[in-house]
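Reviewing the structure listed below.
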Amino acid sequence: MLRIHFTSHDLQNIRILRRPDPLWELICSMCRLRTGQGPLEFGRWRRSVHARAKADRDLGAALQPLRTLVPSVGYIPDFLTPPTTGEDLFHELDLVRGTSRARLVRELTLLGDSHTLPSWTVALGRPGDRELAMLTRALEVYFGAALQPHWSRIRALVGHDVELRTRTLLDGGTQALLDSLYPLARWDPPVLEVDYPVRRDLRLEGRGLLLVPSFFCWRRPTALADPALPPVLVYPVAKTPLDAARTTGDGVVRLLGRTRAAILADVARRDGRTSSEVAEAVGIAPASVSYQMGVLRAGGLVNSHRAGKYVRHAATALGLQLLDAS
(Lines give C-alpha, C1' and ligand atoms only; values in the text may rest on other atoms or scores of the structure.)
Protein backbone atom coordinates (compact mmCIF):
# COMPACT_ATOMS: atom_id res chain seq x y z
CA MET A 1 0.00 0.00 0.00
CA LEU A 2 1.11 3.55 -0.79
CA ARG A 3 0.04 6.05 1.86
CA ILE A 4 0.05 9.65 0.59
CA HIS A 5 -0.02 12.16 3.46
CA PHE A 6 -1.70 15.52 2.75
CA THR A 7 -1.49 18.85 4.53
CA SER A 8 -4.18 21.51 4.17
CA HIS A 9 -1.98 23.24 1.58
CA ASP A 10 -1.68 20.02 -0.41
CA LEU A 11 -5.47 19.72 -0.55
CA GLN A 12 -5.55 23.17 -2.17
CA ASN A 13 -2.95 22.12 -4.73
CA ILE A 14 -4.35 18.97 -6.32
CA ARG A 15 -4.19 19.08 -10.11
CA ILE A 16 -5.33 16.78 -12.92
CA LEU A 17 -3.30 16.49 -16.11
CA ARG A 18 -5.75 17.26 -18.90
CA ARG A 19 -4.20 15.00 -21.55
CA PRO A 20 -2.24 11.75 -21.66
CA ASP A 21 1.44 12.14 -20.81
CA PRO A 22 3.55 10.66 -23.67
CA LEU A 23 6.35 9.18 -21.57
CA TRP A 24 4.11 7.81 -18.82
CA GLU A 25 1.97 6.13 -21.50
CA LEU A 26 5.12 4.86 -23.18
CA ILE A 27 6.59 3.34 -20.01
CA CYS A 28 3.27 1.83 -18.92
CA SER A 29 2.74 0.42 -22.42
CA MET A 30 6.15 -1.27 -22.30
CA CYS A 31 5.02 -3.07 -19.14
CA ARG A 32 1.81 -4.19 -20.89
CA LEU A 33 3.78 -5.29 -23.96
CA ARG A 34 5.91 -7.68 -21.90
CA THR A 35 3.06 -9.40 -20.07
CA GLY A 36 -0.24 -11.05 -20.89
CA GLN A 37 -2.16 -8.54 -18.79
CA GLY A 38 -5.45 -7.23 -20.15
CA PRO A 39 -6.00 -9.65 -23.05
CA LEU A 40 -9.21 -7.85 -24.06
CA GLU A 41 -7.89 -4.30 -23.61
CA PHE A 42 -4.35 -4.79 -24.94
CA GLY A 43 -4.27 -8.17 -26.69
CA ARG A 44 -4.68 -7.06 -30.31
CA TRP A 45 -2.45 -4.05 -29.76
CA ARG A 46 0.24 -6.26 -28.22
CA ARG A 47 0.13 -8.76 -31.10
CA SER A 48 0.32 -5.98 -33.68
CA VAL A 49 3.40 -4.43 -32.02
CA HIS A 50 5.18 -7.79 -31.78
CA ALA A 51 4.39 -8.50 -35.44
CA ARG A 52 5.62 -5.11 -36.53
CA ALA A 53 8.82 -5.47 -34.50
CA LYS A 54 9.66 -8.62 -36.46
CA ALA A 55 9.30 -6.77 -39.77
CA ASP A 56 10.60 -3.33 -38.75
CA ARG A 57 14.31 -3.36 -37.96
CA ASP A 58 14.25 0.09 -36.33
CA LEU A 59 11.45 -0.89 -33.96
CA GLY A 60 13.14 -4.19 -33.11
CA ALA A 61 16.36 -2.35 -32.28
CA ALA A 62 14.49 0.26 -30.21
CA LEU A 63 12.87 -2.39 -28.05
CA GLN A 64 16.20 -3.81 -26.86
CA PRO A 65 17.34 -0.90 -24.62
CA LEU A 66 13.76 -0.27 -23.49
CA ARG A 67 13.38 -3.86 -22.31
CA THR A 68 16.58 -3.37 -20.32
CA LEU A 69 15.42 -0.25 -18.50
CA VAL A 70 11.69 -1.03 -18.19
CA PRO A 71 11.17 -4.37 -16.43
CA SER A 72 7.64 -5.70 -16.36
CA VAL A 73 7.65 -5.61 -12.53
CA GLY A 74 9.67 -3.79 -9.91
CA TYR A 75 11.69 -0.60 -9.98
CA ILE A 76 11.76 1.56 -13.14
CA PRO A 77 14.18 4.53 -13.24
CA ASP A 78 12.39 7.82 -12.61
CA PHE A 79 14.45 9.73 -15.20
CA LEU A 80 12.40 8.01 -17.93
CA THR A 81 9.32 9.93 -16.73
CA PRO A 82 10.48 13.52 -16.11
CA PRO A 83 8.14 16.08 -14.51
CA THR A 84 4.88 16.13 -16.44
CA THR A 85 4.28 19.48 -18.09
CA GLY A 86 1.54 18.67 -20.57
CA GLU A 87 4.03 19.23 -23.38
CA ASP A 88 4.58 16.93 -26.36
CA LEU A 89 6.89 13.94 -26.63
CA PHE A 90 9.83 15.87 -28.03
CA HIS A 91 9.88 18.32 -25.13
CA GLU A 92 9.88 15.42 -22.67
CA LEU A 93 12.68 13.67 -24.59
CA ASP A 94 14.76 16.84 -24.22
CA LEU A 95 14.29 16.52 -20.44
CA VAL A 96 15.48 12.90 -20.57
CA ARG A 97 18.56 13.97 -22.57
CA GLY A 98 19.33 16.56 -19.90
CA THR A 99 19.40 14.05 -17.04
CA SER A 100 22.50 14.57 -14.92
CA ARG A 101 25.22 11.92 -14.76
CA ALA A 102 24.83 11.72 -10.97
CA ARG A 103 21.12 10.95 -11.23
CA LEU A 104 21.67 8.37 -13.97
CA VAL A 105 24.26 6.57 -11.85
CA ARG A 106 22.04 6.66 -8.77
CA GLU A 107 18.93 5.32 -10.49
CA LEU A 108 20.71 2.72 -12.64
CA THR A 109 22.45 1.44 -9.53
CA LEU A 110 19.03 0.88 -7.97
CA LEU A 111 17.87 -0.93 -11.10
CA GLY A 112 21.06 -3.00 -11.11
CA ASP A 113 20.29 -4.25 -7.60
CA SER A 114 17.51 -6.42 -9.04
CA HIS A 115 18.43 -6.79 -12.74
CA THR A 116 21.66 -7.50 -14.59
CA LEU A 117 22.45 -4.48 -16.76
CA PRO A 118 24.47 -4.52 -20.01
CA SER A 119 27.72 -2.60 -20.33
CA TRP A 120 26.25 0.26 -22.38
CA THR A 121 24.30 1.51 -19.35
CA VAL A 122 27.58 2.33 -17.56
CA ALA A 123 28.41 5.01 -20.15
CA LEU A 124 25.08 6.86 -19.87
CA GLY A 125 25.67 10.54 -19.17
CA ARG A 126 29.45 10.53 -19.51
CA PRO A 127 31.07 13.35 -21.55
CA GLY A 128 30.83 12.45 -25.23
CA ASP A 129 28.37 9.67 -24.45
CA ARG A 130 26.18 8.57 -27.36
CA GLU A 131 24.17 6.05 -25.39
CA LEU A 132 21.71 8.59 -23.97
CA ALA A 133 21.00 9.87 -27.48
CA MET A 134 20.51 6.26 -28.58
CA LEU A 135 18.07 5.72 -25.72
CA THR A 136 15.98 8.80 -26.48
CA ARG A 137 15.92 7.79 -30.14
CA ALA A 138 14.64 4.36 -29.09
CA LEU A 139 11.88 6.04 -27.06
CA GLU A 140 10.92 8.15 -30.09
CA VAL A 141 10.88 5.17 -32.51
CA TYR A 142 8.82 3.02 -30.16
CA PHE A 143 6.31 5.81 -29.52
CA GLY A 144 5.88 6.44 -33.24
CA ALA A 145 5.30 2.77 -34.04
CA ALA A 146 3.31 1.55 -31.05
CA LEU A 147 1.44 4.57 -29.63
CA GLN A 148 1.17 7.32 -32.24
CA PRO A 149 -1.31 5.41 -34.47
CA HIS A 150 -3.68 5.21 -31.48
CA TRP A 151 -2.98 8.57 -29.86
CA SER A 152 -6.28 10.19 -30.78
CA ARG A 153 -8.18 7.29 -29.22
CA ILE A 154 -6.00 7.44 -26.11
CA ARG A 155 -6.60 11.19 -25.90
CA ALA A 156 -10.35 10.62 -26.14
CA LEU A 157 -10.46 8.02 -23.36
CA VAL A 158 -8.22 10.07 -21.06
CA GLY A 159 -10.22 13.20 -21.88
CA HIS A 160 -13.45 11.46 -20.91
CA ASP A 161 -11.97 10.56 -17.51
CA VAL A 162 -10.75 14.13 -17.00
CA GLU A 163 -14.25 15.43 -17.75
CA LEU A 164 -15.74 13.13 -15.12
CA ARG A 165 -13.12 14.03 -12.47
CA THR A 166 -13.47 17.74 -13.19
CA ARG A 167 -17.25 17.57 -12.85
CA THR A 168 -16.83 15.69 -9.57
CA LEU A 169 -14.44 18.36 -8.28
CA LEU A 170 -16.78 21.20 -9.26
CA ASP A 171 -19.82 19.52 -7.72
CA GLY A 172 -18.27 18.11 -4.54
CA GLY A 173 -14.85 19.67 -3.98
CA THR A 174 -11.51 18.05 -3.23
CA GLN A 175 -12.93 15.37 -0.96
CA ALA A 176 -15.32 14.17 -3.66
CA LEU A 177 -12.46 14.09 -6.17
CA LEU A 178 -10.31 11.93 -3.89
CA ASP A 179 -13.30 9.72 -3.06
CA SER A 180 -13.85 9.21 -6.81
CA LEU A 181 -10.54 7.31 -7.02
CA TYR A 182 -12.09 4.37 -5.13
CA PRO A 183 -11.48 1.38 -5.45
CA LEU A 184 -8.00 2.29 -6.74
CA ALA A 185 -7.47 4.40 -3.62
CA ARG A 186 -9.31 5.17 -0.38
CA TRP A 187 -9.44 8.66 1.08
CA ASP A 188 -9.07 8.49 4.88
CA PRO A 189 -8.27 12.13 5.78
CA PRO A 190 -5.54 13.26 5.77
CA VAL A 191 -4.16 10.12 4.02
CA LEU A 192 -4.90 8.69 0.58
CA GLU A 193 -4.35 4.93 0.77
CA VAL A 194 -3.45 3.62 -2.68
CA ASP A 195 -3.47 0.01 -3.87
CA TYR A 196 0.25 -0.56 -4.44
CA PRO A 197 2.60 -3.57 -4.66
CA VAL A 198 4.87 -2.43 -1.79
CA ARG A 199 4.32 -0.51 1.43
CA ARG A 200 5.42 3.13 1.16
CA ASP A 201 4.66 6.46 2.76
CA LEU A 202 4.80 9.63 0.66
CA ARG A 203 4.59 12.93 2.50
CA LEU A 204 3.59 15.75 0.17
CA GLU A 205 4.72 18.48 2.59
CA GLY A 206 2.99 21.30 0.74
CA ARG A 207 4.03 20.28 -2.77
CA GLY A 208 0.54 19.18 -3.81
CA LEU A 209 -0.25 16.20 -6.01
CA LEU A 210 -0.63 15.85 -9.78
CA LEU A 211 -3.12 13.19 -10.88
CA VAL A 212 -2.16 11.67 -14.23
CA PRO A 213 -4.87 9.61 -15.96
CA SER A 214 -3.40 6.90 -18.17
CA PHE A 215 -4.69 4.41 -20.73
CA PHE A 216 -1.83 1.91 -20.39
CA CYS A 217 -1.68 2.02 -16.59
CA TRP A 218 -3.24 -1.26 -15.46
CA ARG A 219 -5.32 -2.26 -12.44
CA ARG A 220 -3.50 -0.16 -9.82
CA PRO A 221 -1.95 3.33 -9.74
CA THR A 222 1.78 3.96 -9.94
CA ALA A 223 4.06 6.76 -8.76
CA LEU A 224 7.66 7.92 -8.89
CA ALA A 225 10.03 5.96 -6.68
CA ASP A 226 12.01 8.99 -5.43
CA PRO A 227 9.94 10.87 -2.80
CA ALA A 228 12.00 14.02 -3.40
CA LEU A 229 10.65 14.42 -6.95
CA PRO A 230 7.44 16.39 -7.69
CA PRO A 231 4.65 14.05 -6.53
CA VAL A 232 2.47 12.38 -9.18
CA LEU A 233 -0.08 9.61 -9.03
CA VAL A 234 -0.68 7.85 -12.34
CA TYR A 235 -3.96 5.94 -12.39
CA PRO A 236 -5.77 3.80 -14.99
CA VAL A 237 -8.78 5.12 -16.90
CA ALA A 238 -11.70 3.06 -18.21
CA LYS A 239 -10.68 1.35 -21.43
CA THR A 240 -12.02 0.07 -24.72
CA PRO A 241 -9.73 -2.00 -26.98
CA LEU A 242 -7.62 0.21 -29.23
CA ASP A 243 -7.92 -2.04 -32.27
CA ALA A 244 -11.49 -3.25 -31.95
CA ALA A 245 -13.31 -3.38 -35.26
CA ARG A 246 -16.40 -1.19 -35.20
CA THR A 247 -19.50 -1.23 -37.31
CA THR A 248 -22.67 0.82 -37.30
CA GLY A 249 -25.58 -1.32 -36.14
CA ASP A 250 -29.22 -0.55 -36.82
CA GLY A 251 -29.63 0.87 -33.30
CA VAL A 252 -27.03 3.60 -33.88
CA VAL A 253 -28.50 4.41 -37.30
CA ARG A 254 -31.99 4.79 -35.83
CA LEU A 255 -30.65 6.93 -32.99
CA LEU A 256 -28.31 9.22 -34.92
CA GLY A 257 -29.42 8.93 -38.52
CA ARG A 258 -27.45 7.18 -41.26
CA THR A 259 -25.08 10.06 -42.01
CA ARG A 260 -24.08 10.83 -38.43
CA ALA A 261 -23.74 7.12 -37.63
CA ALA A 262 -21.41 6.70 -40.61
CA ILE A 263 -19.32 9.70 -39.53
CA LEU A 264 -19.05 8.41 -35.95
CA ALA A 265 -18.01 4.95 -37.17
CA ASP A 266 -15.39 6.46 -39.48
CA VAL A 267 -13.70 8.58 -36.82
CA ALA A 268 -13.85 5.62 -34.37
CA ARG A 269 -12.26 3.26 -36.88
CA ARG A 270 -9.48 5.62 -37.92
CA ASP A 271 -7.82 7.85 -35.34
CA GLY A 272 -7.32 11.58 -35.95
CA ARG A 273 -9.51 12.04 -39.03
CA THR A 274 -9.77 15.41 -40.80
CA SER A 275 -13.08 16.69 -42.13
CA SER A 276 -11.98 16.19 -45.74
CA GLU A 277 -10.98 12.57 -45.00
CA VAL A 278 -14.36 11.90 -43.39
CA ALA A 279 -16.17 13.58 -46.29
CA GLU A 280 -14.40 11.35 -48.80
CA ALA A 281 -14.99 8.18 -46.77
CA VAL A 282 -18.68 8.85 -46.09
CA GLY A 283 -19.41 10.43 -49.48
CA ILE A 284 -20.82 13.80 -48.45
CA ALA A 285 -19.75 17.41 -48.88
CA PRO A 286 -17.11 18.84 -46.46
CA ALA A 287 -19.54 21.54 -45.35
CA SER A 288 -22.04 18.86 -44.33
CA VAL A 289 -19.32 17.04 -42.38
CA SER A 290 -18.55 20.21 -40.42
CA TYR A 291 -22.21 20.62 -39.46
CA GLN A 292 -22.74 16.98 -38.55
CA MET A 293 -19.47 16.90 -36.61
CA GLY A 294 -20.68 19.85 -34.58
CA VAL A 295 -23.84 17.96 -33.67
CA LEU A 296 -21.86 14.87 -32.65
CA ARG A 297 -19.43 17.03 -30.67
CA ALA A 298 -22.29 18.76 -28.83
CA GLY A 299 -23.64 15.33 -27.93
CA GLY A 300 -20.31 14.29 -26.43
CA LEU A 301 -19.67 11.60 -29.06
CA VAL A 302 -16.76 13.25 -30.87
CA ASN A 303 -13.98 15.62 -29.85
CA SER A 304 -11.81 17.77 -32.10
CA HIS A 305 -8.37 19.29 -31.66
CA ARG A 306 -6.07 21.31 -33.86
CA ALA A 307 -2.88 19.62 -35.08
CA GLY A 308 -0.87 22.09 -37.14
CA LYS A 309 -3.06 23.46 -39.94
CA TYR A 310 -5.62 20.65 -39.61
CA VAL A 311 -8.44 19.98 -37.16
CA ARG A 312 -8.57 16.28 -36.33
CA HIS A 313 -11.58 14.43 -34.98
CA ALA A 314 -11.80 11.34 -32.76
CA ALA A 315 -14.60 9.43 -31.06
CA THR A 316 -14.95 10.02 -27.33
CA ALA A 317 -15.29 7.20 -24.82
CA LEU A 318 -19.07 7.74 -24.93
CA GLY A 319 -19.06 7.48 -28.73
CA LEU A 320 -17.04 4.27 -28.60
CA GLN A 321 -19.37 2.81 -25.98
CA LEU A 322 -22.38 3.64 -28.15
CA LEU A 323 -20.85 1.79 -31.09
CA ASP A 324 -19.83 -1.13 -28.88
CA ALA A 325 -23.36 -1.43 -27.48
CA SER A 326 -24.76 -1.47 -31.01
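Note on naming: chains are A, B, ... as they come in the C-alpha coordinates, residues start from 1 per chain, ligands start from 1 in the order shown.
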Spatial neighbours of Val267 (chain A), max dist 10 Å, only C-alpha atoms, sep filter under 6 positions, as a list in words: Ser152, Arg153, Arg273, Thr274, Ser275, Glu277, Val278, Val302, Asn303, Arg312, His313, Ala314, Ala315, Thr316, Gly319 and Leu320 of chain A
Close residues, Ser288 (chain A) itself excluded, 12 Å, only C-alpha atoms, min 3 positions apart in chain, as an NGL selection string: :A and (259-260 or 263 or 275-276 or 278-280 or 282-285 or 291-295)
For N, CA, C and O atoms, I'd like the residues from the last selection saved as a tab-separated table (two decimals), in the first residue's frame.
```tsv
chain	number	residue	atom	x	y	z
A	259	THR	N	-26.28	9.27	-41.73
A	259	THR	CA	-25.08	10.06	-42.01
A	259	THR	C	-24.23	10.24	-40.76
A	259	THR	O	-23.02	10.02	-40.77
A	260	ARG	N	-24.85	10.63	-39.65
A	260	ARG	CA	-24.08	10.83	-38.43
A	260	ARG	C	-23.51	9.50	-37.92
A	260	ARG	O	-22.38	9.47	-37.40
A	263	ILE	N	-20.43	8.81	-39.92
A	263	ILE	CA	-19.32	9.70	-39.53
A	263	ILE	C	-18.71	9.21	-38.21
A	263	ILE	O	-17.49	9.13	-38.07
A	275	SER	N	-11.75	16.59	-41.54
A	275	SER	CA	-13.08	16.69	-42.13
A	275	SER	C	-13.08	16.24	-43.59
A	275	SER	O	-14.03	15.58	-44.04
A	276	SER	N	-12.04	16.59	-44.33
A	276	SER	CA	-11.98	16.19	-45.74
A	276	SER	C	-11.85	14.67	-45.87
A	276	SER	O	-12.44	14.07	-46.78
A	278	VAL	N	-13.05	12.45	-43.73
A	278	VAL	CA	-14.36	11.90	-43.39
A	278	VAL	C	-15.32	12.11	-44.56
A	278	VAL	O	-16.09	11.21	-44.91
A	279	ALA	N	-15.29	13.29	-45.16
A	279	ALA	CA	-16.17	13.58	-46.29
A	279	ALA	C	-15.96	12.59	-47.42
A	279	ALA	O	-16.91	12.08	-48.02
A	280	GLU	N	-14.69	12.29	-47.72
A	280	GLU	CA	-14.40	11.35	-48.80
A	280	GLU	C	-14.85	9.94	-48.44
A	280	GLU	O	-15.40	9.22	-49.29
A	282	VAL	N	-17.23	8.99	-46.26
A	282	VAL	CA	-18.68	8.85	-46.09
A	282	VAL	C	-19.43	9.21	-47.37
A	282	VAL	O	-20.54	8.74	-47.61
A	283	GLY	N	-18.80	10.05	-48.21
A	283	GLY	CA	-19.41	10.43	-49.48
A	283	GLY	C	-20.37	11.59	-49.39
A	283	GLY	O	-21.42	11.60	-50.04
A	284	ILE	N	-20.01	12.59	-48.56
A	284	ILE	CA	-20.82	13.80	-48.45
A	284	ILE	C	-19.91	15.02	-48.59
A	284	ILE	O	-18.69	14.90	-48.58
A	285	ALA	N	-20.52	16.18	-48.71
A	285	ALA	CA	-19.75	17.41	-48.88
A	285	ALA	C	-19.05	17.80	-47.58
A	285	ALA	O	-19.57	17.56	-46.49
A	291	TYR	N	-20.95	20.46	-40.22
A	291	TYR	CA	-22.21	20.62	-39.46
A	291	TYR	C	-22.50	19.39	-38.62
A	291	TYR	O	-22.79	19.49	-37.42
A	292	GLN	N	-22.43	18.21	-39.26
A	292	GLN	CA	-22.74	16.98	-38.55
A	292	GLN	C	-21.74	16.72	-37.42
A	292	GLN	O	-22.11	16.22	-36.35
A	293	MET	N	-20.48	17.08	-37.64
A	293	MET	CA	-19.47	16.90	-36.61
A	293	MET	C	-19.79	17.78	-35.40
A	293	MET	O	-19.58	17.39	-34.25
A	294	GLY	N	-20.30	18.96	-35.67
A	294	GLY	CA	-20.68	19.85	-34.58
A	294	GLY	C	-21.80	19.27	-33.74
A	294	GLY	O	-21.81	19.40	-32.51
A	295	VAL	N	-22.75	18.61	-34.40
A	295	VAL	CA	-23.84	17.96	-33.67
A	295	VAL	C	-23.31	16.82	-32.81
A	295	VAL	O	-23.66	16.68	-31.63
```
Would you list the contacts of region 72-79 of chain A as a count of residues only, taking every protein, DNA or RNA residue within 9 Å and counting only C-alpha atoms, but skipping same-chain residues closer than 2 positions in sequence? 28
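When only C-alpha atoms are used to measure the gap to Pro213 (chain A), the shortest distance among A:Ile14, A:Leu157, A:Ala176, A:Ala102 belongs to A:Leu157.
Considering the residues A:Trp24, A:Trp120, A:Phe6, A:Tyr310 and counting only C-alpha atoms, Glu205 (chain A) has its shortest atom-to-atom contact with A:Phe6.
In this model, the gap between CA of Val191 (chain A) and CA of His5 (chain A) comes to 4.6 Å.
Summary of the local environment: counting only C-alpha atoms, residues at most 10 Å from region 139-143 of chain A, other than itself and those fewer than 5 positions away along its chain, are Pro22, Leu23, Glu25, Leu26, Ile27, Ser29, Met30, Val49, Ala53, Asp58, Leu59, Gly60, Ala61, Ala62, Leu63, Pro65, Leu66, Leu80, Leu89, Phe90, Leu93, Ala133, Met134, Gln148, Pro149 and Trp151 of chain A.
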Here is a test: counting only C-alpha atoms, which residue of A:Arg130, A:Arg44, A:Leu209, A:Ser100 is nearest to Ala146 (chain A)? A:Arg44
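Taking CA of Arg199 (chain A) as the reference point, CA of Phe42 (chain A) is found at 28.1 Å.
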Alpha helix (DSSP H) positions in region 2-141 of chain A, given as a ChimeraX atom specification: /A:8-11,22-33,39-55,57-69,89-97,101-112,131-141
Between A:Gly112, A:Gly251, A:Pro227, A:Gly36, which one has atoms that come closest to Arg200 (chain A), using only C-alpha atoms? A:Pro227
Considering only strand (DSSP E) as DSSP defines it on the backbone, what residues of region 19-241 of chain A qualify? List them as a list of chain:residue names. A:Ala185, A:Arg186, A:Trp187, A:Asp188, A:Val191, A:Leu192, A:Glu193, A:Val194, A:Arg200, A:Asp201, A:Leu202, A:Arg203, A:Leu209, A:Leu210, A:Leu211, A:Val212, A:Pro213, A:Ser214, A:Val232, A:Leu233, A:Val234, A:Tyr235, A:Pro236
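The nearest approach to Val232 (chain A) among the residues A:Arg15, A:His9, A:Lys54, A:His160, with only C-alpha atoms taken into account, belongs to A:Arg15.
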Report, in Å with one decimal, the straight-line distance from CA of Asp188 (chain A) to CA of Leu210 (chain A). 18.4 Å
Nearby residues (only C-alpha atoms) at most 10 Å from Pro190 (chain A), same-chain spacing under 2 positions excluded, as a PyMOL selection string: chain A and resi 3-8+10-11+187-188+192-193
Taking all heavy atoms for each residue, export the selection above as a CSV table (one decimal), in the first residue's frame.
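Final file, result30.csv:
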```
chain,number,residue,atom,x,y,z
A,3,ARG,N,0.8,5.1,1.0
A,3,ARG,CA,0.0,6.1,1.9
A,3,ARG,C,0.5,7.5,1.6
A,3,ARG,O,1.7,7.8,1.8
A,3,ARG,CB,0.2,5.7,3.3
A,3,ARG,CG,-0.5,4.4,3.8
A,3,ARG,CD,-0.1,4.0,5.2
A,3,ARG,NE,-0.1,5.0,6.1
A,3,ARG,CZ,-1.2,5.4,6.8
A,3,ARG,NH1,-2.3,4.8,6.6
A,3,ARG,NH2,-1.1,6.4,7.7
A,4,ILE,N,-0.3,8.3,1.0
A,4,ILE,CA,0.0,9.6,0.6
A,4,ILE,C,-0.5,10.6,1.6
A,4,ILE,O,-1.7,10.7,1.8
A,4,ILE,CB,-0.5,10.0,-0.8
A,4,ILE,CG1,0.0,9.0,-1.9
A,4,ILE,CG2,-0.1,11.4,-1.2
A,4,ILE,CD1,-0.5,9.2,-3.2
A,5,HIS,N,0.4,11.3,2.3
A,5,HIS,CA,0.0,12.2,3.5
A,5,HIS,C,-0.2,13.6,3.0
A,5,HIS,O,0.7,14.2,2.4
A,5,HIS,CB,1.0,12.1,4.6
A,5,HIS,CG,1.2,10.7,5.1
A,5,HIS,ND1,0.7,10.3,6.3
A,5,HIS,CD2,1.9,9.6,4.6
A,5,HIS,CE1,1.0,9.1,6.6
A,5,HIS,NE2,1.8,8.6,5.6
A,6,PHE,N,-1.4,14.2,3.2
A,6,PHE,CA,-1.7,15.5,2.8
A,6,PHE,C,-1.7,16.5,3.9
A,6,PHE,O,-2.0,16.1,5.1
A,6,PHE,CB,-3.1,15.6,2.2
A,6,PHE,CG,-3.3,14.9,0.8
A,6,PHE,CD1,-3.3,13.6,0.7
A,6,PHE,CD2,-3.4,15.7,-0.3
A,6,PHE,CE1,-3.4,13.0,-0.6
A,6,PHE,CE2,-3.5,15.2,-1.6
A,6,PHE,CZ,-3.5,13.8,-1.7
A,7,THR,N,-1.3,17.7,3.6
A,7,THR,CA,-1.5,18.8,4.5
A,7,THR,C,-2.6,19.7,3.9
A,7,THR,O,-3.1,19.4,2.8
A,7,THR,CB,-0.2,19.7,4.6
A,7,THR,OG1,0.0,20.4,3.4
A,7,THR,CG2,1.0,18.9,5.0
A,8,SER,N,-3.1,20.7,4.7
A,8,SER,CA,-4.2,21.5,4.2
A,8,SER,C,-3.8,22.2,2.9
A,8,SER,O,-4.6,22.4,2.0
A,8,SER,CB,-4.6,22.5,5.2
A,8,SER,OG,-3.5,23.4,5.6
A,10,ASP,N,-1.7,21.0,0.7
A,10,ASP,CA,-1.7,20.0,-0.4
A,10,ASP,C,-3.1,19.8,-1.0
A,10,ASP,O,-3.3,19.7,-2.2
A,10,ASP,CB,-1.2,18.7,0.1
A,10,ASP,CG,0.3,18.7,0.5
A,10,ASP,OD1,1.1,19.3,-0.3
A,10,ASP,OD2,0.6,18.2,1.6
A,11,LEU,N,-4.1,19.9,-0.1
A,11,LEU,CA,-5.5,19.7,-0.5
A,11,LEU,C,-5.9,20.9,-1.5
A,11,LEU,O,-6.8,20.7,-2.3
A,11,LEU,CB,-6.4,19.6,0.7
A,11,LEU,CG,-6.3,18.3,1.5
A,11,LEU,CD1,-7.1,18.4,2.7
A,11,LEU,CD2,-6.7,17.1,0.6
A,187,TRP,N,-9.7,7.4,0.4
A,187,TRP,CA,-9.4,8.7,1.1
A,187,TRP,C,-9.9,8.5,2.5
A,187,TRP,O,-11.0,8.4,2.9
A,187,TRP,CB,-10.2,9.8,0.4
A,187,TRP,CG,-10.1,11.1,1.1
A,187,TRP,CD1,-11.1,12.0,1.5
A,187,TRP,CD2,-8.8,11.8,1.4
A,187,TRP,NE1,-10.6,13.1,2.0
A,187,TRP,CE2,-9.2,13.1,2.0
A,187,TRP,CE3,-7.5,11.6,1.3
A,187,TRP,CZ2,-8.3,14.0,2.4
A,187,TRP,CZ3,-6.6,12.5,1.7
A,187,TRP,CH2,-7.0,13.7,2.3
A,188,ASP,N,-8.9,8.5,3.4
A,188,ASP,CA,-9.1,8.5,4.9
A,188,ASP,C,-8.3,9.7,5.5
A,188,ASP,O,-7.2,9.6,5.8
A,188,ASP,CB,-8.5,7.2,5.5
A,188,ASP,CG,-8.8,7.0,6.9
A,188,ASP,OD1,-9.7,7.8,7.5
A,188,ASP,OD2,-8.2,6.2,7.6
A,192,LEU,N,-4.3,9.4,1.7
A,192,LEU,CA,-4.9,8.7,0.6
A,192,LEU,C,-4.2,7.3,0.5
A,192,LEU,O,-3.0,7.3,0.3
A,192,LEU,CB,-4.7,9.5,-0.7
A,192,LEU,CG,-5.3,8.8,-2.0
A,192,LEU,CD1,-6.8,8.8,-1.9
A,192,LEU,CD2,-4.9,9.6,-3.2
A,193,GLU,N,-4.9,6.3,0.8
A,193,GLU,CA,-4.4,4.9,0.8
A,193,GLU,C,-4.5,4.3,-0.6
A,193,GLU,O,-5.7,4.1,-1.1
A,193,GLU,CB,-5.0,4.1,1.8
A,193,GLU,CG,-4.8,4.6,3.2
A,193,GLU,CD,-5.5,3.8,4.3
A,193,GLU,OE1,-6.5,3.0,3.9
A,193,GLU,OE2,-5.2,3.9,5.5
```
